[in-house]
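Participant: File name entry14.pdb; file contents PDB, C-alpha atoms; full text below.
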```
MODEL        1
ATOM      1  CA  MET A1133     -34.585 -12.952 -30.547  1.00  0.00           C
ATOM      2  CA  LYS A1134     -31.495 -12.654 -32.740  1.00  0.00           C
ATOM      3  CA  TYR A1135     -29.973 -15.983 -31.704  1.00  0.00           C
ATOM      4  CA  PRO A1136     -32.688 -18.385 -32.964  1.00  0.00           C
ATOM      5  CA  LEU A1137     -32.479 -16.652 -36.351  1.00  0.00           C
ATOM      6  CA  ILE A1138     -28.686 -17.043 -36.458  1.00  0.00           C
ATOM      7  CA  GLY A1139     -29.106 -20.696 -35.439  1.00  0.00           C
ATOM      8  CA  ILE A1140     -31.558 -21.330 -38.266  1.00  0.00           C
ATOM      9  CA  LEU A1141     -29.217 -19.673 -40.769  1.00  0.00           C
ATOM     10  CA  LEU A1142     -26.249 -21.750 -39.593  1.00  0.00           C
ATOM     11  CA  LEU A1143     -28.326 -24.934 -39.687  1.00  0.00           C
ATOM     12  CA  SER A1144     -29.386 -24.129 -43.245  1.00  0.00           C
ATOM     13  CA  ALA A1145     -25.761 -23.739 -44.266  1.00  0.00           C
ATOM     14  CA  PHE A1146     -24.744 -27.048 -42.714  1.00  0.00           C
ATOM     15  CA  THR A1147     -27.634 -28.986 -44.191  1.00  0.00           C
ATOM     16  CA  PHE A1148     -26.935 -27.641 -47.709  1.00  0.00           C
ATOM     17  CA  ALA A1149     -25.856 -30.437 -50.036  1.00  0.00           C
ATOM     18  CA  SER A1150     -24.570 -30.355 -53.539  1.00  0.00           C
ATOM     19  CA  GLU A1151     -26.098 -32.475 -56.274  1.00  0.00           C
ATOM     20  CA  VAL A1152     -24.775 -33.706 -59.553  1.00  0.00           C
ATOM     21  CA  ASN A1153     -26.451 -35.344 -62.499  1.00  0.00           C
ATOM     22  CA  VAL A1154     -24.605 -38.634 -63.112  1.00  0.00           C
ATOM     23  CA  GLY A1155     -26.900 -40.202 -65.679  1.00  0.00           C
ATOM     24  CA  THR A1156     -30.447 -41.051 -66.752  1.00  0.00           C
ATOM     25  CA  ILE A1157     -32.478 -44.217 -66.463  1.00  0.00           C
ATOM     26  CA  ASP A1158     -35.730 -45.538 -67.849  1.00  0.00           C
ATOM     27  CA  ILE A1159     -37.498 -47.561 -65.149  1.00  0.00           C
ATOM     28  CA  VAL A1160     -39.749 -50.316 -66.467  1.00  0.00           C
ATOM     29  CA  ASN A1161     -42.219 -51.945 -64.101  1.00  0.00           C
ATOM     30  CA  GLY A1162     -41.309 -55.519 -63.227  1.00  0.00           C
ATOM     31  CA  THR A1163     -37.626 -55.150 -64.114  1.00  0.00           C
ATOM     32  CA  LEU A1164     -34.515 -54.506 -62.086  1.00  0.00           C
ATOM     33  CA  VAL A1165     -31.604 -52.715 -63.730  1.00  0.00           C
ATOM     34  CA  THR A1166     -28.030 -53.149 -62.532  1.00  0.00           C
ATOM     35  CA  MET A1167     -25.764 -50.233 -63.345  1.00  0.00           C
ATOM     36  CA  ASP A1168     -22.393 -48.829 -62.362  1.00  0.00           C
ATOM     37  CA  LEU A1169     -22.475 -45.064 -62.209  1.00  0.00           C
ATOM     38  CA  GLY A1170     -19.608 -43.486 -64.073  1.00  0.00           C
ATOM     39  CA  PRO A1171     -17.393 -40.536 -63.278  1.00  0.00           C
ATOM     40  CA  THR A1172     -18.676 -37.076 -62.461  1.00  0.00           C
ATOM     41  CA  PRO A1173     -19.751 -35.021 -65.499  1.00  0.00           C
ATOM     42  CA  TYR A1174     -17.039 -32.534 -64.636  1.00  0.00           C
ATOM     43  CA  GLY A1175     -13.328 -32.435 -63.900  1.00  0.00           C
ATOM     44  CA  GLY A1176     -11.070 -29.824 -62.398  1.00  0.00           C
ATOM     45  CA  ILE A1177      -7.751 -28.387 -61.340  1.00  0.00           C
ATOM     46  CA  ASN A1178      -6.280 -28.435 -57.856  1.00  0.00           C
ATOM     47  CA  GLY A1179      -3.150 -26.419 -57.212  1.00  0.00           C
ATOM     48  CA  SER A1180      -1.672 -23.039 -56.518  1.00  0.00           C
ATOM     49  CA  ILE A1181      -1.154 -19.824 -58.414  1.00  0.00           C
ATOM     50  CA  LYS A1182       1.201 -16.884 -58.048  1.00  0.00           C
ATOM     51  CA  ILE A1183       1.731 -13.906 -60.322  1.00  0.00           C
ATOM     52  CA  ARG A1184       4.991 -12.050 -60.753  1.00  0.00           C
ATOM     53  CA  LEU A1185       5.742  -8.598 -62.092  1.00  0.00           C
ATOM     54  CA  GLY A1186       9.396  -7.675 -61.854  1.00  0.00           C
ATOM     55  CA  SER A1187      10.461  -8.407 -58.297  1.00  0.00           C
ATOM     56  CA  ASN A1188       6.851  -8.303 -57.039  1.00  0.00           C
ATOM     57  CA  GLU A1189       4.770 -11.389 -56.453  1.00  0.00           C
ATOM     58  CA  TRP A1190       1.164 -11.776 -55.377  1.00  0.00           C
ATOM     59  CA  TYR A1191      -1.799 -14.106 -55.360  1.00  0.00           C
ATOM     60  CA  PRO A1192      -4.839 -13.284 -57.514  1.00  0.00           C
ATOM     61  CA  ASP A1193      -8.343 -13.016 -56.013  1.00  0.00           C
ATOM     62  CA  SER A1194      -9.866 -15.643 -58.258  1.00  0.00           C
ATOM     63  CA  VAL A1195      -9.253 -18.011 -61.143  1.00  0.00           C
ATOM     64  CA  TRP A1196     -11.465 -18.453 -64.209  1.00  0.00           C
ATOM     65  CA  LEU A1197     -11.670 -21.261 -66.724  1.00  0.00           C
ATOM     66  CA  MET A1198     -12.984 -19.713 -69.924  1.00  0.00           C
ATOM     67  CA  PRO A1199     -13.674 -21.015 -73.420  1.00  0.00           C
ATOM     68  CA  GLU A1200     -11.244 -19.787 -76.069  1.00  0.00           C
ATOM     69  CA  GLY A1201     -12.189 -16.513 -77.715  1.00  0.00           C
ATOM     70  CA  SER A1202     -14.569 -15.404 -74.968  1.00  0.00           C
ATOM     71  CA  ASN A1203     -14.618 -12.365 -72.708  1.00  0.00           C
ATOM     72  CA  ILE A1204     -15.339 -12.425 -68.974  1.00  0.00           C
ATOM     73  CA  ALA A1205     -17.396  -9.239 -69.161  1.00  0.00           C
ATOM     74  CA  ASN A1206     -20.024 -11.002 -71.295  1.00  0.00           C
ATOM     75  CA  PHE A1207     -20.662 -13.893 -68.915  1.00  0.00           C
ATOM     76  CA  ASN A1208     -23.560 -13.919 -66.468  1.00  0.00           C
ATOM     77  CA  TYR A1209     -23.722 -15.899 -63.241  1.00  0.00           C
ATOM     78  CA  THR A1210     -26.215 -18.751 -63.517  1.00  0.00           C
ATOM     79  CA  GLY A1211     -26.735 -19.117 -59.766  1.00  0.00           C
ATOM     80  CA  ARG A1212     -25.380 -22.662 -59.990  1.00  0.00           C
ATOM     81  CA  THR A1213     -22.172 -24.067 -58.543  1.00  0.00           C
ATOM     82  CA  TYR A1214     -20.086 -27.222 -58.529  1.00  0.00           C
ATOM     83  CA  ARG A1215     -18.511 -28.393 -55.290  1.00  0.00           C
ATOM     84  CA  LEU A1216     -16.896 -31.436 -53.728  1.00  0.00           C
ATOM     85  CA  PRO A1217     -17.625 -33.017 -50.338  1.00  0.00           C
ATOM     86  CA  THR A1218     -15.759 -31.542 -47.366  1.00  0.00           C
ATOM     87  CA  SER A1219     -14.338 -34.985 -46.554  1.00  0.00           C
ATOM     88  CA  LEU A1220     -12.142 -34.852 -49.683  1.00  0.00           C
ATOM     89  CA  ASN A1221     -10.164 -31.920 -48.239  1.00  0.00           C
ATOM     90  CA  PHE A1222      -9.829 -29.883 -51.417  1.00  0.00           C
ATOM     91  CA  THR A1223      -9.296 -26.120 -51.122  1.00  0.00           C
ATOM     92  CA  ASN A1224     -12.651 -24.436 -50.429  1.00  0.00           C
ATOM     93  CA  ASN A1225     -14.319 -27.770 -51.325  1.00  0.00           C
ATOM     94  CA  CYS A1226     -13.535 -26.873 -54.946  1.00  0.00           C
ATOM     95  CA  LEU A1227     -16.537 -24.551 -54.908  1.00  0.00           C
ATOM     96  CA  SER A1228     -16.878 -23.192 -58.450  1.00  0.00           C
ATOM     97  CA  SER A1229     -19.442 -20.729 -59.763  1.00  0.00           C
ATOM     98  CA  ILE A1230     -20.905 -21.413 -63.194  1.00  0.00           C
ATOM     99  CA  TYR A1231     -21.286 -18.538 -65.675  1.00  0.00           C
ATOM    100  CA  GLU A1232     -22.940 -18.628 -69.066  1.00  0.00           C
ATOM    101  CA  GLN A1233     -23.014 -16.711 -72.336  1.00  0.00           C
ATOM    102  CA  ASP A1234     -24.659 -17.869 -75.563  1.00  0.00           C
ATOM    103  CA  GLY A1235     -24.589 -21.505 -74.488  1.00  0.00           C
ATOM    104  CA  LYS A1236     -20.911 -21.350 -73.524  1.00  0.00           C
ATOM    105  CA  GLN A1237     -19.922 -21.816 -69.915  1.00  0.00           C
ATOM    106  CA  ALA A1238     -17.146 -20.318 -67.802  1.00  0.00           C
ATOM    107  CA  PHE A1239     -16.187 -21.298 -64.276  1.00  0.00           C
ATOM    108  CA  LYS A1240     -14.804 -19.233 -61.415  1.00  0.00           C
ATOM    109  CA  ALA A1241     -13.206 -20.168 -58.083  1.00  0.00           C
ATOM    110  CA  THR A1242     -11.751 -18.081 -55.270  1.00  0.00           C
ATOM    111  CA  VAL A1243      -8.023 -18.214 -54.571  1.00  0.00           C
ATOM    112  CA  LYS A1244      -7.310 -18.909 -50.920  1.00  0.00           C
ATOM    113  CA  GLU A1245      -4.360 -18.413 -48.595  1.00  0.00           C
ATOM    114  CA  GLY A1246      -0.983 -19.122 -50.136  1.00  0.00           C
ATOM    115  CA  GLY A1247      -2.454 -18.968 -53.636  1.00  0.00           C
ATOM    116  CA  LYS A1248      -4.195 -22.327 -53.249  1.00  0.00           C
ATOM    117  CA  PHE A1249      -7.217 -22.943 -55.407  1.00  0.00           C
ATOM    118  CA  CYS A1250      -9.414 -25.721 -56.712  1.00  0.00           C
ATOM    119  CA  ILE A1251     -11.795 -25.272 -59.631  1.00  0.00           C
ATOM    120  CA  LEU A1252     -14.285 -27.580 -61.325  1.00  0.00           C
ATOM    121  CA  ALA A1253     -15.551 -27.334 -64.892  1.00  0.00           C
ATOM    122  CA  ASP A1254     -17.277 -29.370 -67.572  1.00  0.00           C
ATOM    123  CA  GLY A1255     -14.879 -31.362 -69.720  1.00  0.00           C
ATOM    124  CA  GLY A1256     -13.204 -29.353 -72.486  1.00  0.00           C
ATOM    125  CA  LYS A1257     -10.403 -26.964 -73.367  1.00  0.00           C
ATOM    126  CA  TYR A1258     -10.196 -23.682 -71.499  1.00  0.00           C
ATOM    127  CA  LYS A1259      -7.866 -20.763 -71.020  1.00  0.00           C
ATOM    128  CA  ILE A1260      -6.926 -20.131 -67.400  1.00  0.00           C
ATOM    129  CA  VAL A1261      -7.431 -16.506 -66.410  1.00  0.00           C
ATOM    130  CA  ALA A1262      -6.341 -14.926 -63.122  1.00  0.00           C
ATOM    131  CA  GLU A1263      -8.357 -11.992 -61.746  1.00  0.00           C
ATOM    132  CA  TYR A1264      -6.751  -9.609 -59.243  1.00  0.00           C
TER
ATOM    133  CA  MET B 432     -37.085  39.692 -49.279  1.00  0.00           C
ATOM    134  CA  LYS B 433     -36.294  39.676 -53.007  1.00  0.00           C
ATOM    135  CA  LYS B 434     -32.616  39.804 -52.163  1.00  0.00           C
ATOM    136  CA  VAL B 435     -32.909  36.692 -49.993  1.00  0.00           C
ATOM    137  CA  ILE B 436     -34.757  34.796 -52.733  1.00  0.00           C
ATOM    138  CA  ALA B 437     -32.170  35.860 -55.317  1.00  0.00           C
ATOM    139  CA  ILE B 438     -29.296  34.687 -53.101  1.00  0.00           C
ATOM    140  CA  ALA B 439     -31.064  31.396 -52.383  1.00  0.00           C
ATOM    141  CA  LEU B 440     -31.603  30.839 -56.112  1.00  0.00           C
ATOM    142  CA  ALA B 441     -27.991  31.633 -56.880  1.00  0.00           C
ATOM    143  CA  VAL B 442     -26.760  29.210 -54.197  1.00  0.00           C
ATOM    144  CA  THR B 443     -29.096  26.471 -55.499  1.00  0.00           C
ATOM    145  CA  LEU B 444     -27.867  26.994 -59.063  1.00  0.00           C
ATOM    146  CA  LEU B 445     -24.249  26.894 -57.980  1.00  0.00           C
ATOM    147  CA  ALA B 446     -24.848  23.727 -55.932  1.00  0.00           C
ATOM    148  CA  SER B 447     -26.547  22.017 -58.899  1.00  0.00           C
ATOM    149  CA  PHE B 448     -23.671  22.981 -61.146  1.00  0.00           C
ATOM    150  CA  ALA B 449     -21.163  21.602 -58.646  1.00  0.00           C
ATOM    151  CA  VAL B 450     -23.041  18.277 -58.423  1.00  0.00           C
ATOM    152  CA  ILE B 451     -23.173  17.980 -62.214  1.00  0.00           C
ATOM    153  CA  GLN B 452     -19.450  18.684 -62.429  1.00  0.00           C
ATOM    154  CA  LEU B 453     -18.541  16.254 -59.650  1.00  0.00           C
ATOM    155  CA  ARG B 454     -20.689  13.335 -60.768  1.00  0.00           C
ATOM    156  CA  PRO B 455     -18.456  12.113 -63.629  1.00  0.00           C
ATOM    157  CA  THR B 456     -15.424  12.257 -61.356  1.00  0.00           C
ATOM    158  CA  ALA B 457     -17.187  10.267 -58.656  1.00  0.00           C
ATOM    159  CA  GLN B 458     -18.337   7.731 -61.250  1.00  0.00           C
ATOM    160  CA  ALA B 459     -14.808   7.409 -62.639  1.00  0.00           C
ATOM    161  CA  VAL B 460     -13.396   6.783 -59.159  1.00  0.00           C
ATOM    162  CA  SER B 461     -16.093   4.185 -58.524  1.00  0.00           C
ATOM    163  CA  ASP B 462     -15.375   2.433 -61.832  1.00  0.00           C
ATOM    164  CA  ALA B 463     -11.668   2.404 -61.102  1.00  0.00           C
ATOM    165  CA  GLN B 464     -12.288   0.788 -57.732  1.00  0.00           C
ATOM    166  CA  GLU B 465     -14.605  -1.847 -59.176  1.00  0.00           C
ATOM    167  CA  SER B 466     -12.552  -2.784 -62.214  1.00  0.00           C
ATOM    168  CA  LYS B 467     -10.302  -5.773 -61.819  1.00  0.00           C
ATOM    169  CA  ARG B 468      -7.367  -6.830 -63.849  1.00  0.00           C
ATOM    170  CA  LEU B 469      -7.089 -10.032 -65.795  1.00  0.00           C
ATOM    171  CA  ALA B 470      -4.128 -12.078 -66.844  1.00  0.00           C
ATOM    172  CA  GLU B 471      -4.265 -15.163 -69.011  1.00  0.00           C
ATOM    173  CA  VAL B 472      -1.936 -17.543 -67.233  1.00  0.00           C
ATOM    174  CA  GLY B 473      -2.301 -20.784 -69.160  1.00  0.00           C
ATOM    175  CA  GLU B 474      -4.530 -23.379 -70.745  1.00  0.00           C
ATOM    176  CA  ALA B 475      -6.191 -26.505 -69.420  1.00  0.00           C
ATOM    177  CA  ASP B 476      -7.817 -29.549 -70.923  1.00  0.00           C
ATOM    178  CA  ILE B 477     -10.407 -30.595 -68.359  1.00  0.00           C
ATOM    179  CA  ILE B 478     -11.412 -34.250 -68.465  1.00  0.00           C
ATOM    180  CA  ASN B 479     -14.580 -35.325 -66.710  1.00  0.00           C
ATOM    181  CA  GLY B 480     -13.935 -37.415 -63.617  1.00  0.00           C
ATOM    182  CA  THR B 481     -10.350 -36.232 -63.139  1.00  0.00           C
ATOM    183  CA  ILE B 482      -8.573 -33.544 -61.130  1.00  0.00           C
ATOM    184  CA  LEU B 483      -5.364 -32.082 -62.548  1.00  0.00           C
ATOM    185  CA  GLU B 484      -2.650 -31.007 -60.147  1.00  0.00           C
ATOM    186  CA  MET B 485      -1.164 -27.713 -61.321  1.00  0.00           C
ATOM    187  CA  GLU B 486       1.183 -25.042 -59.992  1.00  0.00           C
ATOM    188  CA  ILE B 487       0.861 -21.793 -61.898  1.00  0.00           C
ATOM    189  CA  PHE B 488       3.599 -19.215 -61.631  1.00  0.00           C
ATOM    190  CA  SER B 489       2.974 -16.483 -64.142  1.00  0.00           C
ATOM    191  CA  ASP B 490       5.251 -13.650 -65.209  1.00  0.00           C
ATOM    192  CA  LEU B 491       2.786 -10.940 -66.188  1.00  0.00           C
ATOM    193  CA  GLY B 492       4.615  -9.357 -69.077  1.00  0.00           C
ATOM    194  CA  ASP B 493       2.098  -7.807 -71.459  1.00  0.00           C
ATOM    195  CA  GLY B 494      -0.718 -10.215 -70.709  1.00  0.00           C
ATOM    196  CA  GLU B 495      -2.770  -7.896 -68.539  1.00  0.00           C
ATOM    197  CA  LYS B 496      -5.755  -5.747 -69.338  1.00  0.00           C
ATOM    198  CA  THR B 497      -8.524  -3.899 -67.553  1.00  0.00           C
ATOM    199  CA  ILE B 498     -12.155  -4.925 -67.803  1.00  0.00           C
TER
ENDMDL
END
```
Would it be possible to restate this file's structure as structure tokens?
Facilitator:
Amino acid sequence: MKYPLIGILLLSAFTFASEVNVGTIDIVNGTLVTMDLGPTPYGGINGSIKIRLGSNEWYPDSVWLMPEGSNIANFNYTGRTYRLPTSLNFTNNCLSSIYEQDGKQAFKATVKEGGKFCILADGGKYKIVAEY
Amino acid sequence: MKKVIAIALAVTLLASFAVIQLRPTAQAVSDAQESKRLAEVGEADIINGTILEMEIFSDLGDGEKTI
């Protein structure tokens, strides 16, 4: 009885797809519009992170991109994420959680083995904050 | 019989007192376990449609704080 349930859960995870809004269009009957879709409405950072204190070094648990002058404690998770296709081979598919506070957004990604991380965010200037 | 009731009451009162005394300590331990530390390690200018390659190696110094 347990196994069909596990199968359904796994299937749900595999069939999950990410979506991104890449533009708007006004369709008029009897016309055909040709358009080249532009870049994604977000960018990101791919790399690694390591923190040092004296002779000690470690990897943080997660990385945040936060607007200047904001505090992590005030942000609430929106339930939305950004992610890239698995075929691109970015760390953790660049899965990034979107947080919000008073119209400002912050983004959070998990740091993986060896301090590798990939984070996506809407275009703009951010401070990079490590959480450990 | 009265003696038994009196002892039971005394034990109950003592137990309540102990719980009240212990609760803040337990809460403090829980908060300490849940709190994480933050360190500002840099700045980034994210441009839509691009991925920056970045290696961050941060010397903590005084840039840490507890939330």
Participant: May I ask you to extract the residues of chain A within 6 Å of chain B, using all atoms listed in the file, and to give them as a list in words?
Facilitator: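 The complete set of qualifying residues is Pro1171, Thr1172, Pro1173, Tyr1174, Gly1175, Gly1176, Ile1177, Asn1178, Gly1179, Ser1180, Ile1181, Lys1182, Ile1183, Arg1184, Leu1185, Gly1255, Gly1256, Lys1257, Tyr1258, Lys1259, Ile1260, Val1261, Ala1262, Glu1263 and Tyr1264 of chain A.
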Participant: Rounded to one decimal place, report the atom CA of Leu1252 of chain A-atom CA of Gly1155 of chain A distance in Å.
Facilitator: 18.4 Å
Participant: Just give me the gap between atom CA of Asn1225 of chain A and atom CA of Asp1168 of chain A in Å, one decimal is fine.
Facilitator: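 We find that atom CA of Asn1225 of chain A and atom CA of Asp1168 of chain A lie 25.1 Å from each other.
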Participant: Pick out the residues sitting within 10 Å of Phe1222 of chain A, and hand them over as a list in words; count all atoms listed in the file, and ignore anything fewer than 2 positions along from it in its own chain.
Facilitator: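 So, after excluding close chain neighbours, the residues are Asn1178, Gly1179, Arg1215, Leu1216, Pro1217, Thr1218, Ser1219, Leu1220, Asn1224, Asn1225, Cys1226, Leu1227, Lys1248, Phe1249, Cys1250 and Ile1251 of chain A.
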Participant: Given the file shown, enumerate the residues that the PyMOL selection byres ((chain A and resi 1236) around 12) captures and present them as a count of residues only.
Facilitator: 27
Participant: Could you tell me how far atom CA of Ala1241 of chain A sits from atom CA of Arg1212 of chain A, in Å to one decimal place?
Facilitator: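 These two atoms are separated by 12.6 Å.
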